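Text of the file model.cif, holding mmCIF, C-alpha atoms, pLDDT in the B column; chains and numbers go by the auth columns:
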```cif
data_upload
#
loop_
_atom_site.group_PDB
_atom_site.id
_atom_site.type_symbol
_atom_site.label_atom_id
_atom_site.label_comp_id
_atom_site.label_asym_id
_atom_site.label_seq_id
_atom_site.Cartn_x
_atom_site.Cartn_y
_atom_site.Cartn_z
_atom_site.B_iso_or_equiv
_atom_site.auth_seq_id
_atom_site.auth_asym_id
ATOM 1 C CA MET A 1 0.325 4.118 -1.061 45.00 89 Y
ATOM 2 C CA SER A 2 3.676 3.371 0.593 56.00 90 Y
ATOM 3 C CA SER A 3 4.322 1.276 3.686 79.00 91 Y
ATOM 4 C CA ARG A 4 3.923 4.280 5.955 87.00 92 Y
ATOM 5 C CA PRO A 5 0.742 4.527 8.009 93.00 93 Y
ATOM 6 C CA PRO A 6 -2.150 6.306 6.313 95.00 94 Y
ATOM 7 C CA ARG A 7 -2.095 10.067 6.944 97.00 95 Y
ATOM 8 C CA VAL A 8 -5.486 11.559 7.712 98.00 96 Y
ATOM 9 C CA LEU A 9 -6.214 15.257 8.095 98.00 97 Y
ATOM 10 C CA ILE A 10 -9.017 16.062 10.552 98.00 98 Y
ATOM 11 C CA ALA A 11 -10.396 19.595 10.269 97.00 99 Y
ATOM 12 C CA LYS A 12 -13.196 21.755 11.640 96.00 100 Y
ATOM 13 C CA PRO A 13 -14.279 24.062 8.794 96.00 101 Y
ATOM 14 C CA GLY A 14 -16.268 27.199 9.395 91.00 102 Y
ATOM 15 C CA LEU A 15 -17.263 28.897 12.606 90.00 103 Y
ATOM 16 C CA ASP A 16 -18.348 25.778 14.478 83.00 104 Y
ATOM 17 C CA GLY A 17 -16.556 25.775 17.833 87.00 105 Y
ATOM 18 C CA HIS A 18 -17.463 22.258 18.957 88.00 106 Y
ATOM 19 C CA ASP A 19 -14.459 19.995 18.522 91.00 107 Y
ATOM 20 C CA ARG A 20 -14.926 17.150 20.993 92.00 108 Y
ATOM 21 C CA GLY A 21 -16.107 14.735 18.291 90.00 109 Y
ATOM 22 C CA ALA A 22 -13.227 15.631 15.982 93.00 110 Y
ATOM 23 C CA LYS A 23 -10.742 15.023 18.790 95.00 111 Y
ATOM 24 C CA VAL A 24 -12.340 11.668 19.654 94.00 112 Y
ATOM 25 C CA ILE A 25 -12.118 10.582 16.015 94.00 113 Y
ATOM 26 C CA ALA A 26 -8.518 11.820 15.735 96.00 114 Y
ATOM 27 C CA ARG A 27 -7.509 9.755 18.766 96.00 115 Y
ATOM 28 C CA ALA A 28 -9.435 6.694 17.550 94.00 116 Y
ATOM 29 C CA LEU A 29 -7.782 6.836 14.138 95.00 117 Y
ATOM 30 C CA ARG A 30 -4.364 7.129 15.814 96.00 118 Y
ATOM 31 C CA ASP A 31 -5.242 4.095 17.927 95.00 119 Y
ATOM 32 C CA ALA A 32 -6.133 2.288 14.671 93.00 120 Y
ATOM 33 C CA GLY A 33 -2.584 2.912 13.413 94.00 121 Y
ATOM 34 C CA MET A 34 -3.145 5.997 11.290 95.00 122 Y
ATOM 35 C CA GLU A 35 -1.138 9.188 11.437 97.00 123 Y
ATOM 36 C CA VAL A 36 -3.517 12.054 12.177 98.00 124 Y
ATOM 37 C CA ILE A 37 -3.019 15.750 11.580 98.00 125 Y
ATOM 38 C CA TYR A 38 -5.621 17.823 13.458 97.00 126 Y
ATOM 39 C CA THR A 39 -5.842 21.392 12.192 96.00 127 Y
ATOM 40 C CA GLY A 40 -8.006 22.784 14.968 92.00 128 Y
ATOM 41 C CA LEU A 41 -11.069 24.997 14.968 94.00 129 Y
ATOM 42 C CA ARG A 42 -12.361 27.562 12.506 94.00 130 Y
ATOM 43 C CA GLN A 43 -10.493 26.493 9.394 96.00 131 Y
ATOM 44 C CA THR A 44 -11.289 28.004 6.020 97.00 132 Y
ATOM 45 C CA PRO A 45 -11.576 25.738 2.979 98.00 133 Y
ATOM 46 C CA GLU A 46 -8.318 27.260 1.721 98.00 134 Y
ATOM 47 C CA MET A 47 -6.542 26.449 4.996 98.00 135 Y
ATOM 48 C CA ILE A 48 -7.802 22.854 4.931 98.00 136 Y
ATOM 49 C CA VAL A 49 -6.726 22.166 1.352 98.00 137 Y
ATOM 50 C CA SER A 50 -3.376 23.876 1.910 98.00 138 Y
ATOM 51 C CA ALA A 51 -2.720 21.718 4.983 98.00 139 Y
ATOM 52 C CA ALA A 52 -3.760 18.590 3.079 98.00 140 Y
ATOM 53 C CA LEU A 53 -1.343 19.463 0.302 98.00 141 Y
ATOM 54 C CA GLN A 54 1.539 20.339 2.628 98.00 142 Y
ATOM 55 C CA GLU A 55 1.038 17.242 4.786 97.00 143 Y
ATOM 56 C CA ASP A 56 0.634 14.883 1.791 97.00 144 Y
ATOM 57 C CA VAL A 57 -2.444 13.275 3.338 98.00 145 Y
ATOM 58 C CA ASP A 58 -4.205 10.151 2.151 97.00 146 Y
ATOM 59 C CA ALA A 59 -7.664 11.173 3.428 98.00 147 Y
ATOM 60 C CA ILE A 60 -9.497 14.194 4.822 98.00 148 Y
ATOM 61 C CA GLY A 61 -12.058 14.066 7.611 97.00 149 Y
ATOM 62 C CA LEU A 62 -14.257 17.086 8.238 97.00 150 Y
ATOM 63 C CA SER A 63 -16.424 17.664 11.292 96.00 151 Y
ATOM 64 C CA ILE A 64 -19.281 20.067 10.630 94.00 152 Y
ATOM 65 C CA LEU A 65 -21.964 20.765 13.196 89.00 153 Y
ATOM 66 C CA SER A 66 -22.859 24.285 12.089 90.00 154 Y
ATOM 67 C CA GLY A 67 -25.188 23.446 9.196 90.00 155 Y
ATOM 68 C CA ALA A 68 -22.830 25.154 6.739 93.00 156 Y
ATOM 69 C CA HIS A 69 -21.825 21.930 4.982 95.00 157 Y
ATOM 70 C CA MET A 70 -23.548 22.856 1.694 96.00 158 Y
ATOM 71 C CA THR A 71 -21.503 26.072 1.594 95.00 159 Y
ATOM 72 C CA LEU A 72 -18.163 24.736 2.845 97.00 160 Y
ATOM 73 C CA LEU A 73 -17.971 21.369 1.107 98.00 161 Y
ATOM 74 C CA PRO A 74 -18.436 22.599 -2.482 98.00 162 Y
ATOM 75 C CA ARG A 75 -15.561 25.030 -1.938 98.00 163 Y
ATOM 76 C CA ILE A 76 -13.321 22.383 -0.370 98.00 164 Y
ATOM 77 C CA MET A 77 -14.066 19.900 -3.159 98.00 165 Y
ATOM 78 C CA SER A 78 -13.424 22.594 -5.777 98.00 166 Y
ATOM 79 C CA LEU A 79 -10.086 23.522 -4.218 98.00 167 Y
ATOM 80 C CA LEU A 80 -9.084 19.870 -4.069 98.00 168 Y
ATOM 81 C CA ALA A 81 -9.858 19.551 -7.781 98.00 169 Y
ATOM 82 C CA GLU A 82 -7.912 22.728 -8.600 98.00 170 Y
ATOM 83 C CA ASN A 83 -4.898 21.254 -6.786 97.00 171 Y
ATOM 84 C CA GLU A 84 -5.227 17.870 -8.537 97.00 172 Y
ATOM 85 C CA MET A 85 -6.218 16.225 -5.240 97.00 173 Y
ATOM 86 C CA SER A 86 -9.642 14.902 -6.245 96.00 174 Y
ATOM 87 C CA ASP A 87 -8.458 11.348 -5.577 96.00 175 Y
ATOM 88 C CA ILE A 88 -8.178 12.005 -1.831 97.00 176 Y
ATOM 89 C CA PRO A 89 -11.181 10.519 -0.014 97.00 177 Y
ATOM 90 C CA VAL A 90 -13.177 13.108 1.925 98.00 178 Y
ATOM 91 C CA PHE A 91 -15.240 12.033 4.930 98.00 179 Y
ATOM 92 C CA VAL A 92 -17.739 14.211 6.746 97.00 180 Y
ATOM 93 C CA GLY A 93 -19.127 13.830 10.223 95.00 181 Y
ATOM 94 C CA GLY A 94 -21.701 15.898 12.008 92.00 182 Y
ATOM 95 C CA ILE A 95 -25.255 17.032 11.672 89.00 183 Y
ATOM 96 C CA ILE A 96 -25.989 16.416 7.991 93.00 184 Y
ATOM 97 C CA PRO A 97 -29.641 16.198 6.868 94.00 185 Y
ATOM 98 C CA GLN A 98 -30.540 13.056 4.928 94.00 186 Y
ATOM 99 C CA GLU A 99 -31.724 15.125 1.958 96.00 187 Y
ATOM 100 C CA ASP A 100 -28.188 16.499 1.434 97.00 188 Y
ATOM 101 C CA LEU A 101 -26.504 13.091 1.118 96.00 189 Y
ATOM 102 C CA VAL A 102 -27.167 12.643 -2.619 96.00 190 Y
ATOM 103 C CA GLU A 103 -25.688 16.038 -3.463 97.00 191 Y
ATOM 104 C CA LEU A 104 -22.669 15.490 -1.202 97.00 192 Y
ATOM 105 C CA THR A 105 -21.995 12.129 -2.813 96.00 193 Y
ATOM 106 C CA ALA A 106 -22.364 13.679 -6.281 97.00 194 Y
ATOM 107 C CA MET A 107 -19.735 16.299 -5.440 97.00 195 Y
ATOM 108 C CA GLY A 108 -17.307 13.555 -4.408 97.00 196 Y
ATOM 109 C CA VAL A 109 -17.700 13.116 -0.653 98.00 197 Y
ATOM 110 C CA THR A 110 -16.746 9.511 0.121 97.00 198 Y
ATOM 111 C CA ALA A 111 -18.872 8.981 3.239 97.00 199 Y
ATOM 112 C CA VAL A 112 -21.000 10.895 5.719 97.00 200 Y
ATOM 113 C CA PHE A 113 -21.204 9.877 9.378 96.00 201 Y
ATOM 114 C CA GLY A 114 -23.985 11.161 11.567 92.00 202 Y
ATOM 115 C CA PRO A 115 -24.507 11.085 15.308 90.00 203 Y
ATOM 116 C CA GLY A 116 -24.204 7.567 16.647 90.00 204 Y
ATOM 117 C CA ALA A 117 -21.744 6.321 14.019 93.00 205 Y
ATOM 118 C CA SER A 118 -19.325 3.951 15.714 93.00 206 Y
ATOM 119 C CA ILE A 119 -15.639 4.666 15.819 91.00 207 Y
ATOM 120 C CA SER A 120 -14.902 1.205 14.438 92.00 208 Y
ATOM 121 C CA GLU A 121 -17.256 1.865 11.479 94.00 209 Y
ATOM 122 C CA ILE A 122 -15.553 5.169 10.703 94.00 210 Y
ATOM 123 C CA ALA A 123 -12.055 3.637 10.872 93.00 211 Y
ATOM 124 C CA ALA A 124 -13.145 0.675 8.726 94.00 212 Y
ATOM 125 C CA VAL A 125 -14.644 2.907 6.015 94.00 213 Y
ATOM 126 C CA ILE A 126 -11.522 5.070 5.910 93.00 214 Y
ATOM 127 C CA GLU A 127 -9.224 2.026 5.781 92.00 215 Y
ATOM 128 C CA GLY A 128 -11.416 0.448 3.100 93.00 216 Y
ATOM 129 C CA SER A 129 -11.345 3.533 0.898 93.00 217 Y
ATOM 130 C CA LEU A 130 -7.563 3.741 1.156 89.00 218 Y
ATOM 131 C CA ALA A 131 -7.159 0.047 0.292 83.00 219 Y
ATOM 132 C CA ARG A 132 -9.019 0.660 -2.999 70.00 220 Y
ATOM 133 C CA GLU A 133 -6.558 3.314 -4.153 60.00 221 Y
#
```
This structure in structure tokens:
Amino acid sequence: MSSRPPRVLIAKPGLDGHDRGAKVIARALRDAGMEVIYTGLRQTPEMIVSAALQEDVDAIGLSILSGAHMTLLPRIMSLLAENEMSDIPVFVGGIIPQEDLVELTAMGVTAVFGPGASISEIAAVIEGSLARE
């Protein structure tokens, strides 16, 4: 990675219309010195991966509160692989049942943050994953 600040894409995939958490995280990551691209609500997997490619991001953060994570994430991870972007860390926040964590990790999701995760923890995990690249 160059000397520029890390670029993180924050997206809201699917039909979930609740974006307060995504906006809080976007602001917190900016405050931590990262450059944040927020794509807004109701993004398709194709839109998210296209934006990540166009913006040359270092990490992707997804906020999913709809329960559609096991439908959306496999498609996003597949599209990342098709575009030779599998090395980009993908973080997920939202309502994710504990029983889905093993499968999400197996498909390449770097970390999952549930309700109550601290902003400092999220920023530290993202920074740590980028330092390992």
Exercise for review: Identify, on the basis of only C-alpha atoms, every residue whose closest approach to Glu172 of chain Y does not exceed 12 Å; exclude the query and any residue fewer than 4 positions from it along the same chain; express the result as number ranges by chain.
Suggested key: Y: 137, 140-141, 165-168, 176
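Shortest separation to Thr132 of chain Y among Y:Ile164, Y:Ser91, Y:Asp146, Y:Met195 occurs at residue Y:Ile164, atoms counted being all atoms listed in the file.
Across the model, the gap from atom CA of Val96 of chain Y to atom CA of Arg130 of chain Y is 18.1 Å.
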Practice item. Would you be able to write out as an MDAnalysis selection string which residues have an atom within 10 Å of (-26.0, 15.2, 2.8) in the file's coordinates, counting all atoms listed in the file? Key: chainID Y and resid 157:158 180 183:194 197 199:202
**Study point:** Y:Leu97, Y:Met173, Y:Val112, Y:Ala147 ranked by distance to Ser206 of chain Y, top pick (using all atoms listed in the file)
**Key:** Y:Val112
